[in-house]
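target.txt follows; it contains compact mmCIF, C-alpha atoms.
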```txt
# COMPACT_ATOMS: atom_id res chain seq x y z
CA MET A 1348 -1.15 38.48 -16.22
CA LEU A 1349 1.33 36.68 -13.98
CA SER A 1350 3.64 38.90 -11.95
CA THR A 1351 7.33 38.11 -11.59
CA ILE A 1352 6.95 37.07 -7.97
CA LEU A 1353 4.01 34.78 -8.81
CA ILE A 1354 6.05 33.16 -11.56
CA MET A 1355 8.81 32.59 -8.99
CA VAL A 1356 6.30 31.04 -6.56
CA ILE A 1357 5.02 28.65 -9.23
CA ALA A 1358 8.57 27.78 -10.30
CA PHE A 1359 9.73 27.04 -6.74
CA ALA A 1360 6.52 25.10 -6.06
CA LEU A 1361 7.31 22.85 -9.01
CA VAL A 1362 10.92 22.52 -7.82
CA PHE A 1363 9.52 21.41 -4.46
CA GLU A 1364 7.27 18.92 -6.23
CA PHE A 1365 10.19 17.55 -8.23
CA ILE A 1366 12.25 17.14 -5.05
CA ASN A 1367 9.26 15.53 -3.35
CA GLY A 1368 9.19 13.03 -6.20
CA PHE A 1369 12.78 11.87 -5.85
CA HIS A 1370 12.84 12.38 -2.06
CA ASP A 1371 9.82 10.12 -1.50
CA THR A 1372 10.25 7.60 -4.33
CA ALA A 1373 11.54 5.11 -1.78
CA ASN A 1374 8.19 5.13 0.00
CA ALA A 1375 6.49 3.20 -2.77
CA ILE A 1376 9.26 1.03 -4.13
CA ALA A 1377 11.98 0.39 -1.53
CA THR A 1378 10.56 -2.89 -0.28
CA ALA A 1379 9.85 -4.16 -3.81
CA VAL A 1380 13.42 -3.40 -4.89
CA TYR A 1381 14.88 -4.90 -1.74
CA THR A 1382 12.96 -8.17 -2.21
CA LYS A 1383 13.81 -8.18 -5.94
CA ALA A 1384 10.14 -8.13 -6.90
CA LEU A 1385 11.11 -5.30 -9.26
CA THR A 1386 14.37 -4.04 -10.66
CA PRO A 1387 15.17 -0.44 -9.62
CA GLY A 1388 14.51 0.85 -13.13
CA ARG A 1389 11.13 -0.85 -13.47
CA ALA A 1390 10.14 0.09 -9.94
CA ILE A 1391 10.87 3.77 -10.55
CA ALA A 1392 9.02 3.71 -13.88
CA LEU A 1393 5.99 2.12 -12.21
CA ALA A 1394 6.10 4.60 -9.33
CA ALA A 1395 6.39 7.57 -11.69
CA PHE A 1396 3.40 6.44 -13.74
CA MET A 1397 1.20 5.72 -10.71
CA ASN A 1398 2.26 9.01 -9.07
CA LEU A 1399 1.01 10.74 -12.20
CA ILE A 1400 -2.35 8.95 -12.09
CA GLY A 1401 -2.77 9.45 -8.35
CA ALA A 1402 -2.01 13.16 -8.52
CA MET A 1403 -5.01 13.68 -10.81
CA ALA A 1404 -7.45 11.72 -8.65
CA SER A 1405 -8.76 14.29 -6.14
CA GLU A 1406 -8.13 17.67 -4.50
CA LYS A 1407 -9.27 17.39 -0.88
CA VAL A 1408 -5.73 17.68 0.47
CA ALA A 1409 -5.06 20.64 -1.86
CA GLY A 1410 -8.09 22.36 -0.32
CA THR A 1411 -6.64 21.90 3.16
CA ILE A 1412 -3.37 23.55 2.13
CA SER A 1413 -4.92 26.40 0.12
CA LYS A 1414 -7.63 27.46 2.57
CA GLY A 1415 -7.55 25.31 5.70
CA LEU A 1416 -4.41 26.53 7.47
CA VAL A 1417 -4.24 30.33 7.08
CA ASP A 1418 -7.05 32.92 7.23
CA ILE A 1419 -5.22 35.97 5.88
CA GLN A 1420 -4.47 37.25 2.40
CA LEU A 1421 -0.74 36.65 1.99
CA GLU A 1422 1.76 38.47 -0.14
CA GLN A 1423 3.34 36.26 -2.75
CA TYR A 1424 6.81 36.44 -1.25
CA VAL A 1425 5.55 34.81 1.98
CA ILE A 1426 4.48 31.75 0.03
CA LEU A 1427 7.82 31.79 -1.79
CA ALA A 1428 9.61 31.89 1.58
CA ALA A 1429 7.61 28.89 2.77
CA LEU A 1430 8.55 26.91 -0.32
CA ILE A 1431 12.25 27.70 -0.03
CA GLY A 1432 12.29 26.75 3.65
CA ALA A 1433 10.68 23.39 2.85
CA ILE A 1434 13.05 22.79 -0.07
CA ILE A 1435 16.10 23.42 2.16
CA TRP A 1436 14.91 20.84 4.70
CA ASN A 1437 14.00 18.28 2.04
CA LEU A 1438 17.41 18.54 0.40
CA PHE A 1439 19.18 18.29 3.75
CA THR A 1440 17.28 15.18 4.85
CA TRP A 1441 17.65 13.61 1.40
CA TRP A 1442 21.40 14.17 1.51
CA MET A 1443 21.57 12.62 4.98
CA GLY A 1444 19.40 9.67 3.87
CA ILE A 1445 16.71 10.49 6.45
CA PRO A 1446 13.16 9.58 5.39
CA SER A 1447 11.54 12.77 6.67
CA SER A 1448 8.17 14.23 5.73
CA SER A 1449 7.91 16.59 2.75
CA SER A 1450 4.33 17.28 3.81
CA HIS A 1451 5.21 18.50 7.27
CA ALA A 1452 8.19 20.41 5.91
CA LEU A 1453 5.90 22.43 3.65
CA ILE A 1454 3.23 22.99 6.29
CA GLY A 1455 5.73 23.89 9.00
CA SER A 1456 7.52 26.32 6.72
CA LEU A 1457 4.23 27.95 5.69
CA VAL A 1458 3.11 28.37 9.31
CA GLY A 1459 6.49 29.81 10.31
CA ALA A 1460 6.54 32.25 7.40
CA VAL A 1461 3.00 33.46 8.18
CA ILE A 1462 3.76 33.93 11.88
CA VAL A 1463 6.81 36.07 11.10
CA TYR A 1464 4.93 37.96 8.36
CA THR A 1465 2.01 38.85 10.67
CA MET A 1466 4.13 39.02 13.86
CA SER A 1467 1.41 36.98 15.56
CA THR A 1468 -0.16 33.54 15.67
CA GLU A 1469 -3.72 34.82 15.23
CA HIS A 1470 -3.94 34.16 11.49
CA ILE A 1471 -3.09 30.47 11.70
CA ILE A 1472 -6.21 28.31 11.67
CA TRP A 1473 -5.09 26.24 14.63
CA THR A 1474 -8.11 23.94 14.51
CA GLY A 1475 -7.11 23.05 10.95
CA VAL A 1476 -3.48 22.55 11.97
CA LEU A 1477 -4.58 20.35 14.88
CA THR A 1478 -7.14 18.19 13.07
CA LYS A 1479 -5.48 17.99 9.64
CA VAL A 1480 -1.79 18.02 10.61
CA ILE A 1481 -0.96 17.34 14.26
CA ILE A 1482 -3.46 14.56 14.97
CA PRO A 1483 -2.73 12.71 11.68
CA LEU A 1484 1.00 13.19 12.44
CA PHE A 1485 0.54 10.68 15.27
CA THR A 1486 -2.52 8.65 14.26
CA SER A 1487 -1.47 7.76 10.70
CA PRO A 1488 1.87 6.15 11.73
CA LEU A 1489 0.14 4.31 14.56
CA LEU A 1490 -2.48 2.99 12.14
CA GLY A 1491 0.30 1.90 9.78
CA LEU A 1492 2.04 0.07 12.64
CA LEU A 1493 -1.17 -1.61 13.80
CA ILE A 1494 -2.46 -2.66 10.37
CA GLY A 1495 1.01 -3.87 9.35
CA PHE A 1496 1.31 -5.93 12.55
CA LEU A 1497 -2.17 -7.48 12.29
CA GLY A 1498 -1.87 -8.04 8.53
CA MET A 1499 1.40 -9.89 8.97
CA LYS A 1500 -0.07 -12.05 11.74
CA VAL A 1501 -2.90 -13.02 9.38
CA ILE A 1502 -0.41 -13.92 6.64
CA TYR A 1503 1.65 -16.04 9.03
CA LYS A 1504 -1.46 -17.96 10.07
CA ALA A 1505 -2.94 -18.31 6.58
CA PHE A 1506 0.27 -19.56 4.98
CA ALA A 1507 1.71 -21.51 7.92
CA LYS A 1508 1.70 -24.80 6.00
CA TRP A 1509 3.25 -23.39 2.84
CA SER A 1510 6.94 -23.64 2.09
CA GLN A 1511 8.87 -20.36 2.23
CA SER A 1512 9.81 -20.62 -1.44
CA HIS A 1513 6.16 -21.05 -2.46
CA VAL A 1514 5.11 -18.07 -0.33
CA ASN A 1515 7.88 -15.96 -1.86
CA ARG A 1516 6.80 -16.85 -5.41
CA VAL A 1517 3.22 -15.74 -4.70
CA PHE A 1518 3.99 -12.52 -2.88
CA ILE A 1519 6.80 -11.38 -5.14
CA LYS A 1520 4.13 -11.06 -7.84
CA LEU A 1521 1.64 -9.41 -5.50
CA GLN A 1522 4.30 -6.88 -4.51
CA VAL A 1523 4.19 -5.39 -7.99
CA ILE A 1524 0.51 -4.59 -7.40
CA SER A 1525 1.07 -3.25 -3.89
CA SER A 1526 3.93 -1.04 -5.15
CA ALA A 1527 1.61 0.43 -7.76
CA VAL A 1528 -1.11 1.07 -5.18
CA VAL A 1529 1.27 2.82 -2.77
CA ALA A 1530 2.65 4.97 -5.60
CA PHE A 1531 -0.92 5.93 -6.54
CA SER A 1532 -1.73 6.90 -2.95
CA HIS A 1533 1.52 8.87 -2.72
CA GLY A 1534 0.56 10.89 -5.77
CA ASN A 1535 -3.00 11.27 -4.51
CA ASN A 1536 -1.84 12.77 -1.21
CA ASP A 1537 1.60 14.31 -1.67
CA ALA A 1538 1.16 15.95 -5.08
CA GLN A 1539 -1.87 17.81 -3.81
CA LYS A 1540 0.15 19.80 -1.28
CA THR A 1541 1.95 21.63 -4.06
CA MET A 1542 -1.32 22.03 -5.95
CA GLY A 1543 -2.70 23.68 -2.82
CA ILE A 1544 0.27 26.05 -2.51
CA ILE A 1545 0.05 27.15 -6.15
CA THR A 1546 -3.71 27.59 -5.83
CA LEU A 1547 -3.17 29.68 -2.68
CA ALA A 1548 -0.74 31.87 -4.63
CA LEU A 1549 -3.22 32.25 -7.50
CA VAL A 1550 -6.00 33.19 -5.06
CA THR A 1551 -3.84 35.80 -3.32
CA GLY A 1552 -2.89 37.15 -6.75
CA GLY A 1553 -6.56 37.52 -7.64
CA LEU A 1554 -6.31 35.16 -10.61
CA VAL A 1555 -8.76 32.55 -9.33
CA GLY A 1556 -11.60 32.67 -6.85
CA ALA A 1557 -11.22 31.30 -3.33
CA ASP A 1558 -13.81 28.60 -4.01
CA ALA A 1559 -12.82 27.82 -7.59
CA GLY A 1560 -10.83 24.69 -6.73
CA VAL A 1561 -7.53 23.64 -8.28
CA PRO A 1562 -7.14 24.71 -11.92
CA LEU A 1563 -6.62 21.83 -14.33
CA TRP A 1564 -3.26 23.15 -15.54
CA VAL A 1565 -2.02 23.17 -11.94
CA LYS A 1566 -3.05 19.53 -11.48
CA ILE A 1567 -1.35 18.47 -14.70
CA SER A 1568 1.84 20.44 -13.98
CA CYS A 1569 2.21 19.03 -10.46
CA ALA A 1570 1.43 15.49 -11.58
CA VAL A 1571 3.96 15.57 -14.42
CA VAL A 1572 6.71 17.20 -12.33
CA MET A 1573 6.25 14.75 -9.44
CA ALA A 1574 6.44 11.85 -11.90
CA ALA A 1575 9.61 13.35 -13.37
CA GLY A 1576 11.14 13.69 -9.91
CA THR A 1577 10.17 10.12 -9.10
CA SER A 1578 11.98 8.94 -12.22
CA VAL A 1579 15.23 10.34 -10.79
CA GLY A 1580 14.93 8.09 -7.73
CA GLY A 1581 15.89 8.43 -4.08
CA TRP A 1582 18.56 5.85 -3.49
CA LYS A 1583 19.85 7.07 -0.11
CA VAL A 1584 16.42 7.07 1.47
CA MET A 1585 15.58 3.78 -0.28
CA LYS A 1586 18.44 2.04 1.49
CA THR A 1587 17.07 3.07 4.89
CA MET A 1588 13.49 2.18 4.01
CA GLY A 1589 14.27 -1.13 2.31
CA ALA A 1590 16.65 -2.72 4.78
CA GLY A 1591 17.50 -0.29 7.55
CA VAL A 1592 14.43 -0.84 9.76
CA THR A 1593 13.87 -4.61 9.56
CA LYS A 1594 14.53 -7.55 7.24
CA ILE A 1595 11.94 -7.60 4.45
CA ASN A 1596 10.73 -10.56 2.39
CA PRO A 1597 8.06 -10.57 -0.35
CA ALA A 1598 5.18 -11.33 2.03
CA SER A 1599 6.13 -8.69 4.60
CA GLY A 1600 6.86 -6.19 1.83
CA PHE A 1601 3.39 -6.76 0.37
CA VAL A 1602 1.72 -6.33 3.76
CA ALA A 1603 3.71 -3.18 4.57
CA GLN A 1604 2.83 -1.57 1.25
CA THR A 1605 -0.83 -2.57 1.38
CA SER A 1606 -1.16 -1.33 4.97
CA SER A 1607 0.41 1.97 3.98
CA ALA A 1608 -1.91 2.43 1.01
CA ILE A 1609 -4.98 1.82 3.19
CA VAL A 1610 -3.92 4.45 5.72
CA ILE A 1611 -2.85 7.05 3.13
CA GLU A 1612 -6.05 6.71 1.14
CA LEU A 1613 -8.11 7.03 4.33
CA MET A 1614 -6.28 10.21 5.27
CA THR A 1615 -6.59 11.58 1.74
CA PHE A 1616 -10.35 11.00 1.93
CA LEU A 1617 -10.36 13.07 5.15
CA GLY A 1618 -8.30 15.82 3.50
CA ALA A 1619 -5.32 15.27 5.80
CA PRO A 1620 -1.88 15.93 4.24
CA VAL A 1621 -0.05 13.06 5.89
CA SER A 1622 3.48 11.77 5.47
CA THR A 1623 3.81 8.79 3.15
CA THR A 1624 7.25 8.29 4.68
CA GLN A 1625 5.93 7.97 8.20
CA VAL A 1626 3.12 5.62 7.30
CA ILE A 1627 5.17 3.15 5.30
CA THR A 1628 8.04 3.21 7.82
CA THR A 1629 5.75 2.27 10.69
CA SER A 1630 4.02 -0.31 8.50
CA ILE A 1631 7.44 -1.90 7.95
CA MET A 1632 8.03 -1.75 11.70
CA GLY A 1633 4.63 -3.41 12.23
CA VAL A 1634 5.35 -6.36 9.94
CA GLY A 1635 8.80 -6.74 11.48
CA SER A 1636 7.49 -6.79 15.05
CA ALA A 1637 4.85 -9.36 14.04
CA ARG A 1638 7.76 -11.76 13.54
CA ARG A 1639 9.42 -10.77 16.82
CA LYS A 1640 10.13 -7.46 18.52
CA SER A 1641 13.88 -7.87 18.14
CA ALA A 1642 13.46 -8.09 14.35
CA VAL A 1643 13.03 -4.31 14.23
CA LYS A 1644 16.14 -2.14 14.44
CA TRP A 1645 14.66 0.19 17.03
CA GLY A 1646 17.75 2.42 17.03
CA VAL A 1647 17.23 3.23 13.35
CA ALA A 1648 13.51 3.61 13.98
CA GLY A 1649 14.30 6.02 16.81
CA ASN A 1650 16.41 8.20 14.51
CA ILE A 1651 13.59 8.30 11.98
CA PHE A 1652 11.09 9.18 14.72
CA THR A 1653 13.33 12.03 15.85
CA ALA A 1654 13.36 13.40 12.30
CA TRP A 1655 9.55 13.32 12.25
CA ILE A 1656 9.26 15.24 15.51
CA VAL A 1657 11.78 17.96 14.62
CA THR A 1658 10.55 18.55 11.06
CA LEU A 1659 7.65 20.85 11.99
CA PRO A 1660 9.54 23.13 14.44
CA VAL A 1661 12.71 23.25 12.33
CA THR A 1662 10.83 24.14 9.15
CA MET A 1663 8.79 26.74 11.02
CA VAL A 1664 12.07 28.42 11.89
CA LEU A 1665 13.36 28.02 8.33
CA GLY A 1666 10.13 29.49 6.91
CA GLY A 1667 10.34 32.43 9.29
CA ILE A 1668 13.99 33.10 8.43
CA MET A 1669 13.30 32.93 4.71
CA GLU A 1670 10.35 35.32 5.12
CA LYS A 1671 12.69 37.88 6.67
CA ILE A 1672 15.40 37.41 4.06
CA ILE A 1673 13.11 37.52 1.03
CA GLY A 1674 11.04 40.33 2.52
CA TYR A 1675 14.22 42.37 2.96
CA ILE A 1676 15.37 41.68 -0.60
CA ILE A 1677 11.98 42.52 -2.10
```
Conversion result in structure tokens:
Amino acid sequence: MLSTILIMVIAFALVFEFINGFHDTANAIATAVYTKALTPGRAIALAAFMNLIGAMASEKVAGTISKGLVDIQLEQYVILAALIGAIIWNLFTWWMGIPSSSSHALIGSLVGAVIVYTMSTEHIIWTGVLTKVIIPLFTSPLLGLLIGFLGMKVIYKAFAKWSQSHVNRVFIKLQVISSAVVAFSHGNNDAQKTMGIITLALVTGGLVGADAGVPLWVKISCAVVMAAGTSVGGWKVMKTMGAGVTKINPASGFVAQTSSAIVIELMTFLGAPVSTTQVITTSIMGVGSARRKSAVKWGVAGNIFTAWIVTLPVTMVLGGIMEKIIGYII
């Protein structure tokens, strides 16, 4: 039987997933909307559907969250504290229009809550944090930048003799496909983080075994809720992603999205909970710099980079504070 605190954990986990959906919708569809490959309504519907499909595809990232970061049996309220800390940061960055990482918000908040709960750092699996979080934090955006840059160079060379209008007609159609692929990869990576948190709560509550994997109902719930959140949209973040970093056309939008999907799927295969936001932002920067370095608004890119760097430490503090508050109330 589910306890009250476990019900609260599941409820807040699904709230986080819903927020993740509308917070990160822009990742998959901003460039397609900006280039008019898709109307906002159709883009959001496509992203919601592909998020749903992607969320059901695997559970490697969920395994990292549920058993790869912490080696202690947690009380349910600690997990609840981690979720609330991550939700606070996500709502703040959404309101400010900053494309931050929901993934790192959740992980940072969990680590901070566990450190305060145990009053030590000994129960954090630092090798897991390093290999699955910290290293991908830097390598995945760099890969996005590199693949976006090289991919755009290839497109420039391959279509050098084509008229711009002809190129636009071809790639505006291809962008529909690339939007769908990015949305799938977003669901395949991002939705699993919440699956992992709920599974962790179920394991600590003794309702499932540590090696049982993610229950089917958890997969379905997270997939549906993320799709619902995606349907709400993330217009503030979309504005930054679609036009704030560099000027996007159908060809560069296609390359940015395809580059992002390649990196995200690679990281998902490795079980690394990466930031879709980071990867697609640097992919956009890559395609922009392939045209010329001055085509990228490096000031905007710098602000985004700052948000990436501060997300982990800030959410660690938020998770720790929420652990104290909720622990005192309970």
May I have a table of the residues of range 1478-1562 of chain A lying at most 9 Å from range 1354-1372 of chain A, giving each one's closest pair of atoms and their distance in Å to one decimal, counting only C-alpha atoms, ordered by chain and ascending residue number, as a tab-separated table?
```
residue	atom	partner	partner_atom	distance
A:Ala1530	CA	A:Thr1372	CA	8.1
A:His1533	CA	A:Asp1371	CA	8.5
A:Gly1534	CA	A:Gly1368	CA	8.9
A:Asp1537	CA	A:Asn1367	CA	7.9
A:Ala1538	CA	A:Glu1364	CA	6.9
A:Lys1540	CA	A:Glu1364	CA	8.7
A:Thr1541	CA	A:Ala1360	CA	6.1
A:Met1542	CA	A:Ala1360	CA	8.4
A:Ile1544	CA	A:Ala1360	CA	7.3
A:Ile1545	CA	A:Ile1357	CA	6.0
A:Ala1548	CA	A:Val1356	CA	7.3
```
Quiz item: From the set A:Ala1505, A:Ile1595, A:Val1572, A:Val1458, which residue has the shortest atom-to-atom contact distance to Tyr1381 in chain A, counting all atoms listed in the file?
Solution: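 Once distances to Tyr1381 in chain A are computed over all atoms listed in the file, the minimum belongs to A:Ile1595.
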Quiz item: Given the choices A:Gln1423, A:Ser1456, A:Ser1599, A:Gln1625, which gets closest to Ser1350 in chain A if the distance is worked out from all atoms listed in the file?
Solution: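 Closest to Ser1350 in chain A of all the choices is A:Gln1423.
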Practice problem: Could you tell me which of A:Val1476, A:Val1657, A:Ala1394, A:Ile1672 comes closest to Thr1440 in chain A if we count all atoms listed in the file? | Solution: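 Checking each of A:Val1476, A:Val1657, A:Ala1394, A:Ile1672 against Thr1440 in chain A, counting all atoms listed in the file, the winner is A:Val1657.
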Quiz item: CA of Thr1546 in chain A and CA of Ser1405 in chain A, how far apart in Å?
Solution: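 Distance between the two atoms: 14.2 Å.
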Self-check item: Pairwise distance for CA of Val1550 in chain A and CA of Lys1414 in chain A, rounded to one decimal in Å
Solution: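 Between these atoms lies a distance of 9.7 Å.
Separating CA of Val1501 in chain A from CA of Gly1401 in chain A is a distance of 28.6 Å.
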Quiz prompt | Residue neighbourhood Ile1609 in chain A, 9 Å, only C-alpha atoms, exclusion window fewer than 5 positions, as a ChimeraX atom specification | solution = /A:1491,1494,1529,1532,1604,1614
Serialized selection, C-alpha atoms, as a PDB file, keeping the file's coordinate frame:
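Output file selection32.pdb follows:
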```
ATOM      1  CA  GLY A1491       0.300   1.900   9.780  1.00  0.00           C
ATOM      2  CA  ILE A1494      -2.460  -2.660  10.370  1.00  0.00           C
ATOM      3  CA  VAL A1529       1.270   2.820  -2.770  1.00  0.00           C
ATOM      4  CA  SER A1532      -1.730   6.900  -2.950  1.00  0.00           C
ATOM      5  CA  GLN A1604       2.830  -1.570   1.250  1.00  0.00           C
ATOM      6  CA  MET A1614      -6.280  10.210   5.270  1.00  0.00           C
TER       7      MET A1614
END
```
Quiz item: In terms of the shortest atom-to-atom distance over all atoms listed in the file, which of A:Ser1606, A:Thr1551, A:Ser1636, A:Thr1615 is closest to Ile1352 in chain A?
Solution: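 That would be A:Thr1551, the residue with the smallest distance to Ile1352 in chain A.
Take the candidates A:Ile1677, A:Leu1438, A:Ser1578, A:Gln1420 and check each one against Leu1549 in chain A using all atoms listed in the file; the shortest distance goes to A:Gln1420.
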Quiz item: Skipping near chain neighbours, those fewer than 2 positions away, what residues fall within 6 Å of Leu1399 in chain A using only C-alpha atoms, listed as a VMD selection string?
Solution: chain A and resid 1396 to 1397 1401 to 1402 1570 1574
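Of the listed residues (A:Thr1658, A:Met1632, A:Gly1667, A:Leu1385), A:Leu1385 comes nearest to Lys1520 in chain A; the distances count all atoms listed in the file.
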Quiz item: Near Thr1629 in chain A, counting only C-alpha atoms, which residues have an atom at most 10 Å away, once you skip same-chain residues fewer than 4 positions from it, shown as an MDAnalysis selection string?
Solution: chainID A and resid 1487:1496 1592 1603 1606:1607 1624:1625 1633:1635 1648 1651:1652
Quiz item: In file coordinates, which residues lie within 12 Å of (-0.3, -16.2, 8.5) using only C-alpha atoms, given as a PyMOL selection string?
Solution: chain A and resi 1496-1509+1511+1514+1598-1599+1602+1634+1637-1638
Self-check item: Long-range neighbours of Thr1623 in chain A as a PyMOL selection string, 7 Å cut-off, only C-alpha atoms, 3 positions minimum in chain
Solution: chain A and resi 1374+1533+1611+1626-1627
Give me the residues within 6 Å of range 1469-1475 of chain A as a PDB file with C-alpha atoms, in the coordinates of the input, counting only C-alpha atoms and dropping any in the same chain fewer than 5 places off.
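And here's selection28.pdb as it stands now:
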```pdb
ATOM      1  CA  GLY A1415      -7.550  25.310   5.700  1.00  0.00           C
ATOM      2  CA  LEU A1416      -4.410  26.530   7.470  1.00  0.00           C
ATOM      3  CA  VAL A1417      -4.240  30.330   7.080  1.00  0.00           C
ATOM      4  CA  ASP A1418      -7.050  32.920   7.230  1.00  0.00           C
TER       5      ASP A1418
END
```
